[in-house]
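A.B. asks: Got a structure for you, written out below as structure tokens; questions coming shortly.
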Amino acid sequence: MKIFGINIGFKLVTGNNLKFMFLLQYHYEKHAYEEDKDMKRFILVTFTLLLIGSFAFGGSFGAYTGITEGISVGPSFHIPIDPFSAEVELMAAVGVLPKLDIQSSLSVIGIASEGVQWLGASIMPRYDLGSLAILNYNIFGLHLGYSDAFELGIEYHTEPSLVQDILWIELNLGFYALPTLSVSGIIAPVLSLQQLANLPLSIYFETDLEAEIEHLDHLHYSLIAGISVSVLENLEVNIGYNFSGSEIVGYLNLSF
């Protein structure tokens, strides 16, 4: 009796009309224990093959970067080590004009032993004023969202380039009027190993800061270290570890 079967296919058409077809068929018949072991092995091998396919460097975990071209979608996640729970956020971005895009959090879902909970959503149109000296872009965004209450704020996103295509800093600043007066910031140095060591990945160390104006002495912060790669040119994979929250973080971002 067949216990488990999976068929998976991937297809990519490049700008030169070259077609890349990856077809993987997997069938097996085992007891439940052996089935679980083989499934884990299958996932590991599949993910490794995808990574070998094509690489390019990416950026940090939490910072917004340059204006989106086309459409990008994908989930981000926070997974605490203990006790088990998870937070999954479905992100989407649309490039409207060369200097205008819309970033959105379509939904944030919390998963725990008690059940599943909806945690909010947001949208942020952004406009790029252009580059200036070592700043690759100067983007202002209007943040609108809802979680436990309505959210309203202004954000600034930029990227100082220290060594072209090798070392840069992703910088986000935010000022929020709702639900309370608060400020936030993200600073993330990113080092690409592509040119330095012919390794197709980037390494980042990210610091996230957040505080209410009336309670600046109560500063919330996160320290995240991780790596980022791009798979098959249009799929970005980011994985990191949040030392402050003892959790694994990351995202998958598919662009069209």
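By order in the structure tokens, chains are A, B, ...; within a chain, residues start at 1; ligands start at 1, following the order shown.
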Extract, using only C-alpha atoms, all DNA, RNA and protein residues at most 12 Å from Leu219 of chain A, discarding same-chain residues fewer than 2 positions from it, and format them as a list in words.

C.D. replies: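 Answer for this query is Ser182, Val183, Ser184, Gly185, Asp208, Leu209, Glu210, Ala211, Glu212, Ile213, Glu214, His215, Leu216, Asp217, Tyr221 and Ser222 of chain A.
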
A.B. asks: With N, CA, C and O atoms retained, could you export that selection as a CSV table (one decimal), in the first residue's frame?

C.D. replies:
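The result, stored in again.csv:
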chain,number,residue,atom,x,y,z
A,182,SER,N,6.2,57.2,19.5
A,182,SER,CA,7.3,56.3,19.7
A,182,SER,C,8.3,56.4,18.5
A,182,SER,O,7.9,57.0,17.5
A,183,VAL,N,9.5,55.9,18.7
A,183,VAL,CA,10.5,56.0,17.6
A,183,VAL,C,11.1,54.6,17.5
A,183,VAL,O,11.0,53.7,18.4
A,184,SER,N,11.6,54.3,16.3
A,184,SER,CA,12.3,53.0,16.0
A,184,SER,C,13.4,53.2,15.1
A,184,SER,O,13.6,54.2,14.4
A,185,GLY,N,14.3,52.2,15.1
A,185,GLY,CA,15.5,52.3,14.2
A,185,GLY,C,16.0,50.9,13.9
A,185,GLY,O,15.9,50.0,14.8
A,208,ASP,N,17.9,46.2,16.1
A,208,ASP,CA,16.6,46.8,16.1
A,208,ASP,C,16.3,47.5,17.4
A,208,ASP,O,16.6,46.9,18.5
A,209,LEU,N,15.9,48.8,17.3
A,209,LEU,CA,15.6,49.6,18.5
A,209,LEU,C,14.2,50.1,18.4
A,209,LEU,O,13.7,50.5,17.3
A,210,GLU,N,13.5,50.2,19.6
A,210,GLU,CA,12.2,50.7,19.6
A,210,GLU,C,11.9,51.3,21.0
A,210,GLU,O,12.3,50.6,22.0
A,211,ALA,N,11.3,52.5,21.1
A,211,ALA,CA,11.0,53.1,22.4
A,211,ALA,C,9.9,54.1,22.3
A,211,ALA,O,9.7,54.7,21.3
A,212,GLU,N,9.1,54.2,23.3
A,212,GLU,CA,8.0,55.2,23.4
A,212,GLU,C,8.7,56.5,23.8
A,212,GLU,O,9.6,56.5,24.6
A,213,ILE,N,8.2,57.6,23.3
A,213,ILE,CA,8.8,59.0,23.6
A,213,ILE,C,8.8,59.2,25.1
A,213,ILE,O,9.7,59.8,25.7
A,214,GLU,N,7.7,58.9,25.8
A,214,GLU,CA,7.6,59.2,27.2
A,214,GLU,C,8.4,58.2,28.1
A,214,GLU,O,8.6,58.5,29.3
A,215,HIS,N,8.9,57.1,27.5
A,215,HIS,CA,9.6,56.2,28.2
A,215,HIS,C,10.9,55.8,27.5
A,215,HIS,O,11.1,54.6,27.2
A,216,LEU,N,11.7,56.7,27.1
A,216,LEU,CA,12.9,56.4,26.4
A,216,LEU,C,13.9,55.6,27.1
A,216,LEU,O,14.8,54.9,26.6
A,217,ASP,N,13.8,55.5,28.5
A,217,ASP,CA,14.6,54.7,29.3
A,217,ASP,C,14.2,53.2,29.2
A,217,ASP,O,15.0,52.3,29.6
A,221,TYR,N,15.1,46.2,22.3
A,221,TYR,CA,16.1,46.0,21.3
A,221,TYR,C,16.2,44.5,20.9
A,221,TYR,O,15.9,43.7,21.7
A,222,SER,N,16.7,44.3,19.7
A,222,SER,CA,17.0,43.0,19.2
A,222,SER,C,18.4,43.0,18.5
A,222,SER,O,18.7,43.9,17.8

A.B. asks: Applying 10 Å and only C-alpha atoms, which residues near segment 120-129 of chain A remain after dropping the ones on its own chain fewer than 4 positions away? List them as a ChimeraX atom specification.

C.D. replies: /A:66-68,89-110,137-158

A.B. asks: Nearest to Phe256 of chain A among A:Ile71, A:Phe61, A:Ile79, A:Leu132, with distances taken over only C-alpha atoms: which residue is it?

C.D. replies: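 Smallest separation from Phe256 of chain A among the options: A:Ile71.
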
A.B. asks: Looking at only C-alpha atoms, which of A:Ala112, A:Ile134, A:Leu235, A:Ile169 is the one that sits closest to Ser192 of chain A?

C.D. replies: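 Checking each of A:Ala112, A:Ile134, A:Leu235, A:Ile169 against Ser192 of chain A, counting only C-alpha atoms, the winner is A:Ile169.
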
A.B. asks: Write out as a list in words which residues come within 7 Å of Trp168 of chain A when counting only C-alpha atoms, dropping same-chain ones fewer than 5 positions away.

C.D. replies: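 Answer for this query is Glu159, Pro160, Ser161, Leu162, Val163, Pro189, Val190 and Leu191 of chain A.
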
A.B. asks: Go through segment 70-169 of chain A and collect every residue that DSSP, computed from the backbone, puts in strand (DSSP E or B); the answer should be as an MDAnalysis selection string.

C.D. replies: chainID A and resid 71:80 86:97 100:112 115:128 132 135:146 150:163 167:169

A.B. asks: Would you please extract all helix (DSSP H, G or I) residues from segment 16-256 of chain A, as assigned by DSSP on the backbone, and give them as a compact mmCIF listing (two decimals) with all heavy atoms, in the first residue's frame?

C.D. replies:
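And here is the file that came out, result_28.txt:
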# COMPACT_ATOMS: atom_id res chain seq x y z
N ALA A 32 5.62 4.39 9.78
CA ALA A 32 5.55 5.80 10.15
C ALA A 32 6.89 6.35 10.59
O ALA A 32 7.29 7.45 10.23
CB ALA A 32 4.52 5.99 11.27
N TYR A 33 7.66 5.59 11.33
CA TYR A 33 8.95 6.07 11.82
C TYR A 33 9.93 6.27 10.68
O TYR A 33 10.60 7.31 10.57
CB TYR A 33 9.52 5.07 12.83
CG TYR A 33 10.92 5.40 13.28
CD1 TYR A 33 11.16 6.45 14.16
CD2 TYR A 33 12.02 4.68 12.79
CE1 TYR A 33 12.44 6.77 14.57
CE2 TYR A 33 13.30 5.00 13.20
CZ TYR A 33 13.51 6.04 14.09
OH TYR A 33 14.77 6.36 14.48
N GLU A 34 10.04 5.28 9.79
CA GLU A 34 10.93 5.39 8.65
C GLU A 34 10.46 6.47 7.69
O GLU A 34 11.24 7.16 7.06
CB GLU A 34 11.02 4.04 7.91
CG GLU A 34 11.70 2.95 8.72
CD GLU A 34 13.15 3.31 9.00
OE1 GLU A 34 13.78 3.96 8.13
OE2 GLU A 34 13.65 2.94 10.07
N GLU A 35 9.13 6.64 7.58
CA GLU A 35 8.56 7.66 6.70
C GLU A 35 9.01 9.05 7.15
O GLU A 35 9.39 9.90 6.34
CB GLU A 35 7.04 7.55 6.75
CG GLU A 35 6.30 8.59 5.95
CD GLU A 35 4.80 8.41 6.08
OE1 GLU A 35 4.31 7.30 5.83
OE2 GLU A 35 4.13 9.37 6.48
N ASP A 36 9.00 9.29 8.47
CA ASP A 36 9.41 10.59 9.00
C ASP A 36 10.89 10.85 8.73
O ASP A 36 11.27 11.95 8.35
CB ASP A 36 9.12 10.63 10.50
CG ASP A 36 9.47 11.97 11.11
OD1 ASP A 36 8.81 12.95 10.72
OD2 ASP A 36 10.37 12.03 11.96
N LYS A 37 11.74 9.83 8.93
CA LYS A 37 13.17 9.98 8.67
C LYS A 37 13.44 10.29 7.21
O LYS A 37 14.22 11.19 6.88
CB LYS A 37 13.92 8.70 9.06
CG LYS A 37 14.13 8.53 10.56
CD LYS A 37 14.84 7.23 10.86
CE LYS A 37 16.18 7.18 10.14
NZ LYS A 37 16.89 5.92 10.43
N ASP A 38 12.79 9.57 6.32
CA ASP A 38 13.02 9.79 4.89
C ASP A 38 12.49 11.13 4.43
O ASP A 38 13.07 11.76 3.55
CB ASP A 38 12.36 8.67 4.07
CG ASP A 38 13.14 7.37 4.15
OD1 ASP A 38 14.23 7.39 4.76
OD2 ASP A 38 12.65 6.36 3.63
N MET A 39 11.40 11.59 5.02
CA MET A 39 10.85 12.88 4.65
C MET A 39 11.81 14.01 5.01
O MET A 39 12.04 14.94 4.23
CB MET A 39 9.49 13.10 5.34
CG MET A 39 8.78 14.37 4.86
SD MET A 39 8.53 14.35 3.07
CE MET A 39 7.86 15.99 2.84
N LYS A 40 12.42 13.93 6.20
CA LYS A 40 13.40 14.93 6.61
C LYS A 40 14.60 14.91 5.67
O LYS A 40 15.13 15.96 5.29
CB LYS A 40 13.85 14.67 8.05
CG LYS A 40 12.77 14.93 9.09
CD LYS A 40 13.27 14.61 10.49
CE LYS A 40 12.19 14.87 11.52
NZ LYS A 40 12.64 14.51 12.89
N ARG A 41 15.04 13.72 5.30
CA ARG A 41 16.18 13.60 4.38
C ARG A 41 15.83 14.17 3.01
O ARG A 41 16.63 14.85 2.37
CB ARG A 41 16.57 12.13 4.26
CG ARG A 41 17.89 11.89 3.55
CD ARG A 41 18.26 10.42 3.53
NE ARG A 41 18.39 9.89 4.88
CZ ARG A 41 17.66 8.91 5.35
NH1 ARG A 41 16.71 8.36 4.60
NH2 ARG A 41 17.84 8.47 6.58
N PHE A 42 14.60 13.91 2.56
CA PHE A 42 14.13 14.43 1.28
C PHE A 42 14.12 15.96 1.25
O PHE A 42 14.58 16.59 0.30
CB PHE A 42 12.73 13.87 1.01
CG PHE A 42 11.98 14.58 -0.08
CD1 PHE A 42 12.36 14.44 -1.40
CD2 PHE A 42 10.89 15.38 0.21
CE1 PHE A 42 11.68 15.08 -2.41
CE2 PHE A 42 10.20 16.02 -0.78
CZ PHE A 42 10.60 15.87 -2.09
N ILE A 43 13.58 16.57 2.33
CA ILE A 43 13.54 18.03 2.40
C ILE A 43 14.93 18.62 2.39
O ILE A 43 15.21 19.61 1.70
CB ILE A 43 12.77 18.48 3.67
CG1 ILE A 43 11.29 18.07 3.54
CG2 ILE A 43 12.89 19.97 3.89
CD1 ILE A 43 10.49 18.31 4.80
N LEU A 44 15.86 18.01 3.14
CA LEU A 44 17.23 18.51 3.20
C LEU A 44 17.91 18.44 1.84
O LEU A 44 18.55 19.39 1.39
CB LEU A 44 18.03 17.71 4.23
CG LEU A 44 19.51 18.07 4.37
CD1 LEU A 44 19.65 19.53 4.80
CD2 LEU A 44 20.19 17.15 5.35
N VAL A 45 17.76 17.32 1.15
CA VAL A 45 18.40 17.16 -0.16
C VAL A 45 17.80 18.13 -1.17
O VAL A 45 18.52 18.77 -1.95
CB VAL A 45 18.25 15.70 -0.66
CG1 VAL A 45 18.70 15.58 -2.10
CG2 VAL A 45 19.07 14.77 0.23
N THR A 46 16.47 18.27 -1.16
CA THR A 46 15.81 19.18 -2.10
C THR A 46 16.27 20.61 -1.89
O THR A 46 16.60 21.32 -2.85
CB THR A 46 14.29 19.12 -1.91
OG1 THR A 46 13.84 17.79 -2.13
CG2 THR A 46 13.58 20.04 -2.89
N PHE A 47 16.34 21.06 -0.62
CA PHE A 47 16.75 22.42 -0.33
C PHE A 47 18.20 22.65 -0.76
O PHE A 47 18.54 23.68 -1.32
CB PHE A 47 16.60 22.70 1.17
CG PHE A 47 16.93 24.11 1.57
CD1 PHE A 47 16.10 25.15 1.18
CD2 PHE A 47 18.05 24.39 2.30
CE1 PHE A 47 16.39 26.45 1.53
CE2 PHE A 47 18.35 25.68 2.66
CZ PHE A 47 17.52 26.71 2.28
N THR A 48 19.07 21.65 -0.53
CA THR A 48 20.47 21.77 -0.92
C THR A 48 20.61 21.89 -2.43
O THR A 48 21.38 22.71 -2.95
CB THR A 48 21.27 20.56 -0.43
OG1 THR A 48 21.14 20.47 0.99
CG2 THR A 48 22.74 20.69 -0.78
N LEU A 49 19.84 21.09 -3.18
CA LEU A 49 19.89 21.16 -4.63
C LEU A 49 19.45 22.52 -5.15
O LEU A 49 20.03 23.08 -6.09
CB LEU A 49 19.02 20.06 -5.24
CG LEU A 49 19.55 18.63 -5.11
CD1 LEU A 49 18.50 17.65 -5.60
CD2 LEU A 49 20.86 18.45 -5.85
N LEU A 50 18.43 23.08 -4.52
CA LEU A 50 17.96 24.40 -4.92
C LEU A 50 19.02 25.46 -4.68
O LEU A 50 19.24 26.35 -5.50
CB LEU A 50 16.69 24.76 -4.15
CG LEU A 50 15.40 24.05 -4.59
CD1 LEU A 50 14.28 24.37 -3.62
CD2 LEU A 50 15.03 24.41 -6.01
N LEU A 51 19.72 25.37 -3.54
CA LEU A 51 20.75 26.35 -3.23
C LEU A 51 21.91 26.27 -4.20
O LEU A 51 22.50 27.27 -4.58
CB LEU A 51 21.25 26.15 -1.79
CG LEU A 51 20.28 26.52 -0.68
CD1 LEU A 51 20.94 26.28 0.67
CD2 LEU A 51 19.85 27.97 -0.78
N ILE A 52 22.25 25.05 -4.61
CA ILE A 52 23.36 24.88 -5.54
C ILE A 52 23.04 25.49 -6.89
O ILE A 52 23.92 25.95 -7.63
CB ILE A 52 23.70 23.38 -5.69
CG1 ILE A 52 24.28 22.85 -4.37
CG2 ILE A 52 24.67 23.13 -6.83
CD1 ILE A 52 24.51 21.36 -4.36
N GLY A 53 21.73 25.54 -7.23
CA GLY A 53 21.31 26.00 -8.55
C GLY A 53 21.86 27.36 -8.94
O GLY A 53 22.44 27.51 -10.00
N GLN A 194 30.97 37.75 -2.04
CA GLN A 194 31.05 37.38 -3.45
C GLN A 194 32.40 37.76 -4.06
O GLN A 194 33.08 36.94 -4.68
CB GLN A 194 29.91 38.03 -4.22
CG GLN A 194 29.88 37.69 -5.71
CD GLN A 194 29.47 36.25 -5.96
OE1 GLN A 194 28.45 35.81 -5.46
NE2 GLN A 194 30.26 35.52 -6.72
N GLN A 195 32.78 39.01 -3.90
CA GLN A 195 34.02 39.48 -4.49
C GLN A 195 35.24 39.21 -3.60
O GLN A 195 36.34 39.00 -4.10
CB GLN A 195 33.93 40.98 -4.79
CG GLN A 195 32.86 41.33 -5.82
CD GLN A 195 32.92 42.79 -6.22
OE1 GLN A 195 33.97 43.43 -6.19
NE2 GLN A 195 31.78 43.35 -6.62
N LEU A 196 35.04 39.19 -2.30
CA LEU A 196 36.15 39.00 -1.38
C LEU A 196 36.69 37.57 -1.39
O LEU A 196 37.91 37.36 -1.41
CB LEU A 196 35.73 39.37 0.04
CG LEU A 196 35.50 40.86 0.33
CD1 LEU A 196 35.03 41.03 1.76
CD2 LEU A 196 36.78 41.66 0.08
N ALA A 197 35.80 36.60 -1.35
CA ALA A 197 36.24 35.21 -1.22
C ALA A 197 35.55 34.28 -2.21
O ALA A 197 35.62 33.06 -2.07
CB ALA A 197 35.97 34.73 0.20
N ILE A 213 8.20 57.64 23.31
CA ILE A 213 8.79 58.95 23.59
C ILE A 213 8.77 59.25 25.09
O ILE A 213 9.74 59.78 25.66
CB ILE A 213 8.05 60.07 22.83
CG1 ILE A 213 8.17 59.85 21.31
CG2 ILE A 213 8.56 61.44 23.22
CD1 ILE A 213 9.57 59.96 20.78
N GLU A 214 7.68 58.89 25.77
CA GLU A 214 7.56 59.18 27.19
C GLU A 214 8.39 58.25 28.07
O GLU A 214 8.56 58.50 29.26
CB GLU A 214 6.09 59.10 27.61
CG GLU A 214 5.21 60.17 26.96
CD GLU A 214 3.78 60.09 27.45
OE1 GLU A 214 3.47 59.14 28.22
OE2 GLU A 214 2.97 60.96 27.07
N HIS A 215 8.87 57.14 27.45
CA HIS A 215 9.63 56.17 28.25
C HIS A 215 10.89 55.75 27.47
O HIS A 215 11.09 54.57 27.20
CB HIS A 215 8.78 54.94 28.56
CG HIS A 215 7.48 55.27 29.24
ND1 HIS A 215 7.41 55.60 30.58
CD2 HIS A 215 6.22 55.34 28.76
CE1 HIS A 215 6.16 55.84 30.91
NE2 HIS A 215 5.41 55.70 29.82

A.B. asks: Have a look at atom CA of Ser113 of chain A and atom CA of Ser85 of chain A and let me know their distance in Å, one decimal.

C.D. replies: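 Value for the atom CA of Ser113 of chain A-atom CA of Ser85 of chain A distance: 7.1 Å.
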
A.B. asks: Would you list the contacts of Gly240 of chain A as a list in words, taking every protein, DNA or RNA residue within 10 Å and counting only C-alpha atoms, but skipping same-chain residues closer than 2 positions in sequence?

C.D. replies: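 The neighbour list is Ser60, Phe61, His78, Ile203, Tyr204, Phe205, Glu206, Ile224, Ala225, Gly226, Ile227, Ser228, Asn238, Asn242, Phe243, Glu247, Ile248, Val249, Gly250 and Tyr251 of chain A.
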